[in-house]
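S.K.: Next up is a structure, given as structure tokens.
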Amino acid sequence: MVVKHAFKKLDEHLFEVPAEFRADMRVPARFYSDEELLKGIVSDNSLQQLINTATLPGVVKYALAMPDIHQGYGFPIGGVVATEFPDGIISPGGVGYDINCGVRLLATHLDHEEISPFVDDLATVLFTNCPSGVGKGGRIKLKAQELDQVLSKGARWAVKNGFGSEADLERTEESGCLGGANPEKVSPRAKDRGLKQVGTLGAGNHFIELDTVEKILDPEVAQRIGLFEGQIAVQIHCGSRGLGHQVCGDYVKRFQKSIARYGLHLPDRELVCAPLSSPEGQDYLAAMMAAANYAFANRQVLAFHIRRSFEQVLAGKVSNHHIFQIYDIAHNMAKVETHRIDGKDMRLCVHRKGATRAFGPGSPELPSVYQDIGQPVLVPGSMGTASWVLVGTRESMAQTFGSTCHGAGRTMSRKKARKSIRGMTLREELESRGILIRAGSMPGLAEEAPAAYKDVDRVVNVVDTAGIAKKVARLKPIAVIKG
Amino acid sequence: MGFEEIEHTADHAVKVYGKNLKELFISAAQGMTSLMLSDGSGVSGEVAKRVKLKAIDTESLLVEWLSELAYWAEAEMVVFSKYKIHTISATDIDASVMGTKVTALEKHIKAVTYHNLNIVETRKGLEATIVFDV
């Protein structure tokens with residue numbers, strides 16, 4: 001564990017472990033926090049893991065962590081590390097096993113009052129229509145050639161096959177398709193795992209949630225995005241399923257073999273990496289993009305199932321049951337981006353592991369609808385607490401390679417949560433607060449209890465005050481669907 | 001031989017013990033199974049698989065061994081309970097594993113990680129701590 005005197009306070013919410021702290025650090029390690037969150041951060045190995053990332057070859061400026069930082073494996077969750085392109089490294093562990101785990105936010109034309117008689121039915125139908133649980137297959141069984149299309153085209157494949165519209169793509173990070181993906185770099189076993197899982201939620205902390213927009217903090221931006229107070233919205237949180245896990249595992253294994261060849265010395269084997277310019281690095285980047293495309297397609301098909309569920313339960317009973325997309329973001333990804341570093345434009349590979357891209361106004365990567373307001377950032381809270389919609393800022397471009405937080409961040413171990421919280425009791429408690437639960441596993445529900453997470457409002461306050469994202473709207477849940 | 005679950009904020013970690021490599025690998029498999037299915041009493045052994053693996057070192061072999069078993073849990077919903085290791089060395093394993101098909105798993109093991117993974121010798125034999133991504 002890293003003791004308090006190891007870091008200094010640079011600003012109200014910004015702390016730094018100087019590069020001199022450990023001989024193998026190449027750059028300082030910075031993290032965003034407040035005094036309360038700090039207590040949790042210093043209580044486990046989060047900072048140790050952050051410092052380890054500051055040793056990676058080619059790391060630029062500083063290794064970063066967002067206020068939802070918590071202990072992971074290799075990189076901390078909430079970590080952001082930018083490396084020089086093309087000579088710095090790329091690390092599969094800096095992306096995580098669930099490649100392009102992310103969040104999609106859909107919005108409706110309905111308010112809470114209009115939908116309330118149907119919420120129970122809607123939750124049940126969503127649970128039925130959106131397959132969830134370990135290894136669960138979906139309704140779509142792909143042939144090998146078609147899977148390659150999913151890996152190459154991402155959400156574009158889904159839209160071409162009738163699972164959404166061009167408007168959805170416009171409001172998806174990278175328009176739902178990373179151009180550098182190469183299905184040939186994905187192993188047969190990874191592909192096999194992907195054949196039946198397009199349009200499935202999975203298990204763990206993944207969910208679909210019906211929300212009410214409880215509060216608007218920035219009326220002008222909220223209106224532009226399409227949010228209003230009292231509105232019903234839907235969040236999807238999931239990623240690339242077994243295919244992504246296999247891609248990461250395959251390349252962690254391959255990189256272990258090449259590490260000596262590149263003369264890399266790392267403090268933890270899970271940080272295993274290869275130069276971006278090496279054959280291993282290039283292959284991983286192309287395979288990771290393919291898995292990321294699978295995740296974009298997965299969330300696109302889930303959005304289709306959600307629309308179908310709304311149609312099934314609400315058509316003819318409410319004024320307008322149609323759904324439109326606000327945005328879709330990735331929070332486990334490495335991307336080659338251009339950033340202004342010390343007055344010069346630099347190509348960087350930005351690893352975001354449990355961190356969200358938060359590009360500010362004017363960024364050429366943003367769709368025209370969001371060009372002047374900045375990129376919407378979707379921050380799901382823990383089950384039963386609030387979620388947030390933020391936008392990226394010019395400050396996030398200057399301070400954090402255009403990145404911000406991704407969620408509440410865990411604070412209690414799963415073991416402890418399972419021991420101290422009973423799934424059934426939690427479900428009753430949430431339902432008494434007006435939050436319906438449809439879950440496949442009660443012990444799984446207990447592990448995701450709100451008490452196991454940090455206070456998402458506090459996390460969001462830190463990024464808002466530090467200027468690395470700006471609050472737009474706060475959502476509160478009315479129904480949660482989990483595997 | 002044996003295993004115990006230890007605290008980890010975001011994921012799951014299991015400490016495993018064995019007098020020798022064979023026992024260590026079986027303990028690790030049992031530890032992972034206990035995460036997937038806390039009550040394994042219904043697991044018999046009608047599904048059998050042969051697992052032959054080669055790796056660059058023993059820690060990698062342990063990761064690959066557990067990854068292989070976790071793969072079958074996801075792909076075919078098979079949970080293993082009996083392990084017969086025919087041969088094992090620092091870099092090779094040849095084993096027969098027996099298990100049963102289940103209808104649901106309590107825990108999805110997304111991956112077996114290398115995080116701080118070291119097989120260490122103790123007075124009693126060998127031990128290692130394995131972190132699973134869930």
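Identifiers for the structure tokens are assigned positionally: chains receive A, B, ... in sequence, residues are indexed from 1 per chain, and ligands are indexed from 1 in the order shown.
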Would you give me, as an MDAnalysis selection string, the residues in stretch 224-379 of chain A that DSSP reads as strand (DSSP E or B)?

M.R.: chainID A and resid 231:238 274:275 323:330 332:341 344:353 356:357 376:379

S.K.: Report as a Markdown table: every residue of chain A with an atom at most 8 Å from chain B, its closest pair of atoms, and their distance in Å to one decimal, counting only C-alpha atoms, with rows sorted by chain and ascending residue number.

M.R.:
```
| residue | atom | partner | partner_atom | distance |
| --- | --- | --- | --- | --- |
| A:Asp44 | CA | B:Thr9 | CA | 7.8 |
| A:His70 | CA | B:Thr9 | CA | 7.1 |
| A:Gln71 | CA | B:Thr9 | CA | 5.9 |
| A:Gly72 | CA | B:Ala10 | CA | 6.0 |
| A:Tyr73 | CA | B:His115 | CA | 5.2 |
| A:Gly74 | CA | B:His115 | CA | 5.8 |
| A:Tyr97 | CA | B:Ala111 | CA | 6.9 |
| A:Asp98 | CA | B:Lys110 | CA | 7.9 |
| A:Val134 | CA | B:His108 | CA | 5.5 |
| A:Gly135 | CA | B:Glu74 | CA | 4.8 |
| A:Arg193 | CA | B:Ala75 | CA | 7.0 |
| A:Ala203 | CA | B:His108 | CA | 6.7 |
| A:Gly204 | CA | B:Val134 | CA | 6.4 |
| A:Gly242 | CA | B:Lys110 | CA | 7.3 |
| A:His245 | CA | B:Lys110 | CA | 6.1 |
| A:Gly249 | CA | B:Ala111 | CA | 7.1 |
| A:Lys253 | CA | B:Ser60 | CA | 7.7 |
| A:Lys257 | CA | B:Ile56 | CA | 7.0 |
| A:Asp268 | CA | B:Asn116 | CA | 5.7 |
| A:Arg269 | CA | B:Tyr114 | CA | 5.7 |
| A:Glu270 | CA | B:His115 | CA | 4.9 |
| A:Arg410 | CA | B:Ala10 | CA | 6.1 |
| A:Thr411 | CA | B:Thr9 | CA | 6.2 |
| A:Met412 | CA | B:Thr9 | CA | 5.6 |
| A:Ser413 | CA | B:Thr9 | CA | 4.0 |
| A:Arg414 | CA | B:Thr9 | CA | 6.6 |
| A:Lys415 | CA | B:Glu7 | CA | 6.4 |
| A:Lys416 | CA | B:Glu7 | CA | 7.5 |
| A:Ser441 | CA | B:Glu106 | CA | 6.6 |
| A:Pro443 | CA | B:Glu106 | CA | 7.2 |
| A:Gly444 | CA | B:Glu106 | CA | 6.9 |
```

S.K.: Next, the residues of the selection above should be written as an mmCIF file, in the first residue's frame with N, CA and C atoms.

M.R.:
```
data_model
loop_
_atom_site.group_PDB
_atom_site.id
_atom_site.type_symbol
_atom_site.label_atom_id
_atom_site.label_comp_id
_atom_site.auth_asym_id
_atom_site.auth_seq_id
_atom_site.Cartn_x
_atom_site.Cartn_y
_atom_site.Cartn_z
ATOM 1 N N ASP A 44 -6.388 0.175 -0.325
ATOM 2 C CA ASP A 44 -6.057 -1.064 -1.044
ATOM 3 C C ASP A 44 -4.849 -0.805 -1.971
ATOM 4 N N HIS A 70 -10.114 2.118 -8.384
ATOM 5 C CA HIS A 70 -10.054 1.052 -7.387
ATOM 6 C C HIS A 70 -9.151 -0.054 -7.890
ATOM 7 N N GLN A 71 -8.835 -0.946 -6.972
ATOM 8 C CA GLN A 71 -7.869 -2.004 -7.263
ATOM 9 C C GLN A 71 -8.395 -2.941 -8.340
ATOM 10 N N GLY A 72 -7.575 -3.153 -9.360
ATOM 11 C CA GLY A 72 -7.929 -4.137 -10.384
ATOM 12 C C GLY A 72 -6.847 -5.189 -10.435
ATOM 13 N N TYR A 73 -6.380 -5.505 -11.633
ATOM 14 C CA TYR A 73 -5.231 -6.404 -11.790
ATOM 15 C C TYR A 73 -4.391 -5.737 -12.870
ATOM 16 N N GLY A 74 -3.079 -5.638 -12.679
ATOM 17 C CA GLY A 74 -2.267 -4.875 -13.626
ATOM 18 C C GLY A 74 -2.560 -3.398 -13.471
ATOM 19 N N TYR A 97 -10.105 -7.297 -19.932
ATOM 20 C CA TYR A 97 -10.637 -8.469 -20.628
ATOM 21 C C TYR A 97 -11.941 -8.144 -21.341
ATOM 22 N N ASP A 98 -12.750 -7.259 -20.752
ATOM 23 C CA ASP A 98 -14.003 -6.915 -21.420
ATOM 24 C C ASP A 98 -13.760 -5.715 -22.329
ATOM 25 N N VAL A 134 -24.528 -16.057 -17.394
ATOM 26 C CA VAL A 134 -23.222 -16.573 -17.811
ATOM 27 C C VAL A 134 -23.336 -17.370 -19.104
ATOM 28 N N GLY A 135 -22.528 -17.014 -20.087
ATOM 29 C CA GLY A 135 -22.442 -17.798 -21.318
ATOM 30 C C GLY A 135 -23.728 -17.848 -22.128
ATOM 31 N N ARG A 193 -16.565 -18.305 -29.451
ATOM 32 C CA ARG A 193 -17.290 -17.755 -28.306
ATOM 33 C C ARG A 193 -18.239 -16.642 -28.729
ATOM 34 N N ALA A 203 -23.241 -11.370 -17.451
ATOM 35 C CA ALA A 203 -23.509 -11.344 -16.007
ATOM 36 C C ALA A 203 -22.623 -10.285 -15.344
ATOM 37 N N GLY A 204 -22.281 -10.490 -14.086
ATOM 38 C CA GLY A 204 -21.408 -9.545 -13.365
ATOM 39 C C GLY A 204 -22.093 -8.213 -13.155
ATOM 40 N N GLY A 242 -17.772 -13.074 -24.321
ATOM 41 C CA GLY A 242 -16.690 -14.074 -24.320
ATOM 42 C C GLY A 242 -15.643 -13.837 -25.394
ATOM 43 N N HIS A 245 -13.130 -11.332 -24.052
ATOM 44 C CA HIS A 245 -12.308 -11.925 -22.987
ATOM 45 C C HIS A 245 -11.227 -12.814 -23.601
ATOM 46 N N GLY A 249 -7.147 -12.515 -23.419
ATOM 47 C CA GLY A 249 -6.382 -13.657 -22.895
ATOM 48 C C GLY A 249 -5.364 -14.176 -23.898
ATOM 49 N N LYS A 253 -1.212 -13.894 -23.342
ATOM 50 C CA LYS A 253 -0.383 -15.099 -23.459
ATOM 51 C C LYS A 253 0.729 -14.892 -24.508
ATOM 52 N N LYS A 257 5.335 -14.232 -24.178
ATOM 53 C CA LYS A 257 6.433 -14.893 -24.893
ATOM 54 C C LYS A 257 7.396 -13.891 -25.519
ATOM 55 N N ASP A 268 4.746 -6.053 -12.828
ATOM 56 C CA ASP A 268 3.647 -7.020 -12.670
ATOM 57 C C ASP A 268 3.408 -7.659 -14.041
ATOM 58 N N ARG A 269 3.332 -8.972 -14.084
ATOM 59 C CA ARG A 269 3.191 -9.654 -15.391
ATOM 60 C C ARG A 269 1.884 -9.312 -16.097
ATOM 61 N N GLU A 270 0.880 -8.867 -15.336
ATOM 62 C CA GLU A 270 -0.392 -8.524 -15.979
ATOM 63 C C GLU A 270 -0.278 -7.205 -16.765
ATOM 64 N N ARG A 410 -15.774 0.492 -7.116
ATOM 65 C CA ARG A 410 -16.044 -0.376 -5.962
ATOM 66 C C ARG A 410 -15.230 0.071 -4.756
ATOM 67 N N THR A 411 -15.788 -0.239 -3.583
ATOM 68 C CA THR A 411 -15.051 0.053 -2.357
ATOM 69 C C THR A 411 -15.043 -1.162 -1.431
ATOM 70 N N MET A 412 -15.995 -2.081 -1.618
ATOM 71 C CA MET A 412 -16.075 -3.277 -0.767
ATOM 72 C C MET A 412 -15.810 -4.502 -1.630
ATOM 73 N N SER A 413 -15.063 -5.474 -1.103
ATOM 74 C CA SER A 413 -14.763 -6.667 -1.887
ATOM 75 C C SER A 413 -16.046 -7.453 -2.152
ATOM 76 N N ARG A 414 -16.003 -8.229 -3.222
ATOM 77 C CA ARG A 414 -17.180 -9.044 -3.553
ATOM 78 C C ARG A 414 -17.437 -10.073 -2.464
ATOM 79 N N LYS A 415 -16.338 -10.601 -1.908
ATOM 80 C CA LYS A 415 -16.469 -11.603 -0.850
ATOM 81 C C LYS A 415 -17.232 -11.005 0.340
ATOM 82 N N LYS A 416 -16.813 -9.798 0.750
ATOM 83 C CA LYS A 416 -17.446 -9.155 1.895
ATOM 84 C C LYS A 416 -18.904 -8.799 1.586
ATOM 85 N N SER A 441 -29.463 -13.980 -10.740
ATOM 86 C CA SER A 441 -28.711 -14.563 -9.627
ATOM 87 C C SER A 441 -28.787 -13.652 -8.402
ATOM 88 N N PRO A 443 -27.102 -14.112 -5.353
ATOM 89 C CA PRO A 443 -25.767 -13.777 -4.812
ATOM 90 C C PRO A 443 -25.068 -12.721 -5.681
ATOM 91 N N GLY A 444 -25.285 -12.823 -7.008
ATOM 92 C CA GLY A 444 -24.705 -11.841 -7.937
ATOM 93 C C GLY A 444 -25.257 -10.456 -7.655
#
```

S.K.: Could you check the closest approach to A:Val95 for each of A:Pro76, A:Tyr453, A:Ala54, A:Leu38 and tell me which residue wins, using only C-alpha atoms?

M.R.: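 Counting only C-alpha atoms, the residue closest to A:Val95 is A:Pro76.
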
S.K.: Could you go through stretch 238-450 of chain A and tell me which residues DSSP, when run on the backbone, assigns to alpha helix (DSSP H), listing them as a ChimeraX atom specification?

M.R.: /A:241-258,279-314,394-399,414-420,423-432,442-447

S.K.: If you count only C-alpha atoms, which residues fall within 8 Å of A:Val463, apart from same-chain ones fewer than 6 positions away, as a ChimeraX atom specification?

M.R.: /A:32,66-67,404-405,469-470

S.K.: Selected residues, C-alpha atoms, written as an mmCIF file, in the first residue's frame, please.

M.R.:
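What ended up in result.cif:
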```
data_model
loop_
_atom_site.group_PDB
_atom_site.id
_atom_site.type_symbol
_atom_site.label_atom_id
_atom_site.label_comp_id
_atom_site.auth_asym_id
_atom_site.auth_seq_id
_atom_site.Cartn_x
_atom_site.Cartn_y
_atom_site.Cartn_z
ATOM 1 C CA TYR A 32 -8.204 12.940 -8.935
ATOM 2 C CA MET A 66 -9.898 9.102 -12.156
ATOM 3 C CA PRO A 67 -11.697 9.510 -8.775
ATOM 4 C CA THR A 404 -12.906 11.304 -17.231
ATOM 5 C CA CYS A 405 -14.479 8.869 -14.742
ATOM 6 C CA ALA A 469 -16.245 16.945 -17.392
ATOM 7 C CA LYS A 470 -19.326 19.058 -16.789
#
```

S.K.: Counting only C-alpha atoms, which residues in stretch 121-203 of chain A sit no more than 12 Å from stretch 361-369 of chain A? For each one, give the nearest pair of atoms and the distance in Å, sorted by chain then residue number, as a tab-separated table.

M.R.:
```
residue	atom	partner	partner_atom	distance
A:Ala167	CA	A:Val369	CA	10.6
A:Asp168	CA	A:Pro367	CA	11.4
A:Leu169	CA	A:Pro367	CA	9.7
A:Glu170	CA	A:Pro367	CA	6.3
A:Arg171	CA	A:Pro367	CA	7.0
A:Thr172	CA	A:Pro367	CA	8.6
A:Glu173	CA	A:Leu366	CA	7.9
A:Glu174	CA	A:Glu365	CA	7.5
A:Ser175	CA	A:Pro367	CA	8.3
A:Gly176	CA	A:Pro367	CA	11.8
```

S.K.: Next, the residues of the selection above should be written as an mmCIF file, in the first residue's frame with C-alpha atoms.

M.R.:
```cif
data_model
loop_
_atom_site.group_PDB
_atom_site.id
_atom_site.type_symbol
_atom_site.label_atom_id
_atom_site.label_comp_id
_atom_site.auth_asym_id
_atom_site.auth_seq_id
_atom_site.Cartn_x
_atom_site.Cartn_y
_atom_site.Cartn_z
ATOM 1 C CA ALA A 167 -29.190 8.218 -36.270
ATOM 2 C CA ASP A 168 -28.000 5.612 -33.731
ATOM 3 C CA LEU A 169 -24.631 5.365 -35.482
ATOM 4 C CA GLU A 170 -24.195 9.117 -35.564
ATOM 5 C CA ARG A 171 -24.627 9.133 -31.796
ATOM 6 C CA THR A 172 -22.125 6.367 -31.066
ATOM 7 C CA GLU A 173 -18.419 6.807 -30.272
ATOM 8 C CA GLU A 174 -16.486 6.252 -33.540
ATOM 9 C CA SER A 175 -19.917 5.815 -35.222
ATOM 10 C CA GLY A 176 -19.862 2.296 -33.765
#
```

S.K.: Atom CA of A:Glu209 and atom CA of A:Asp457 are how many Å apart?

M.R.: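 Between atom CA of A:Glu209 and atom CA of A:Asp457 the gap is 18.0 Å.
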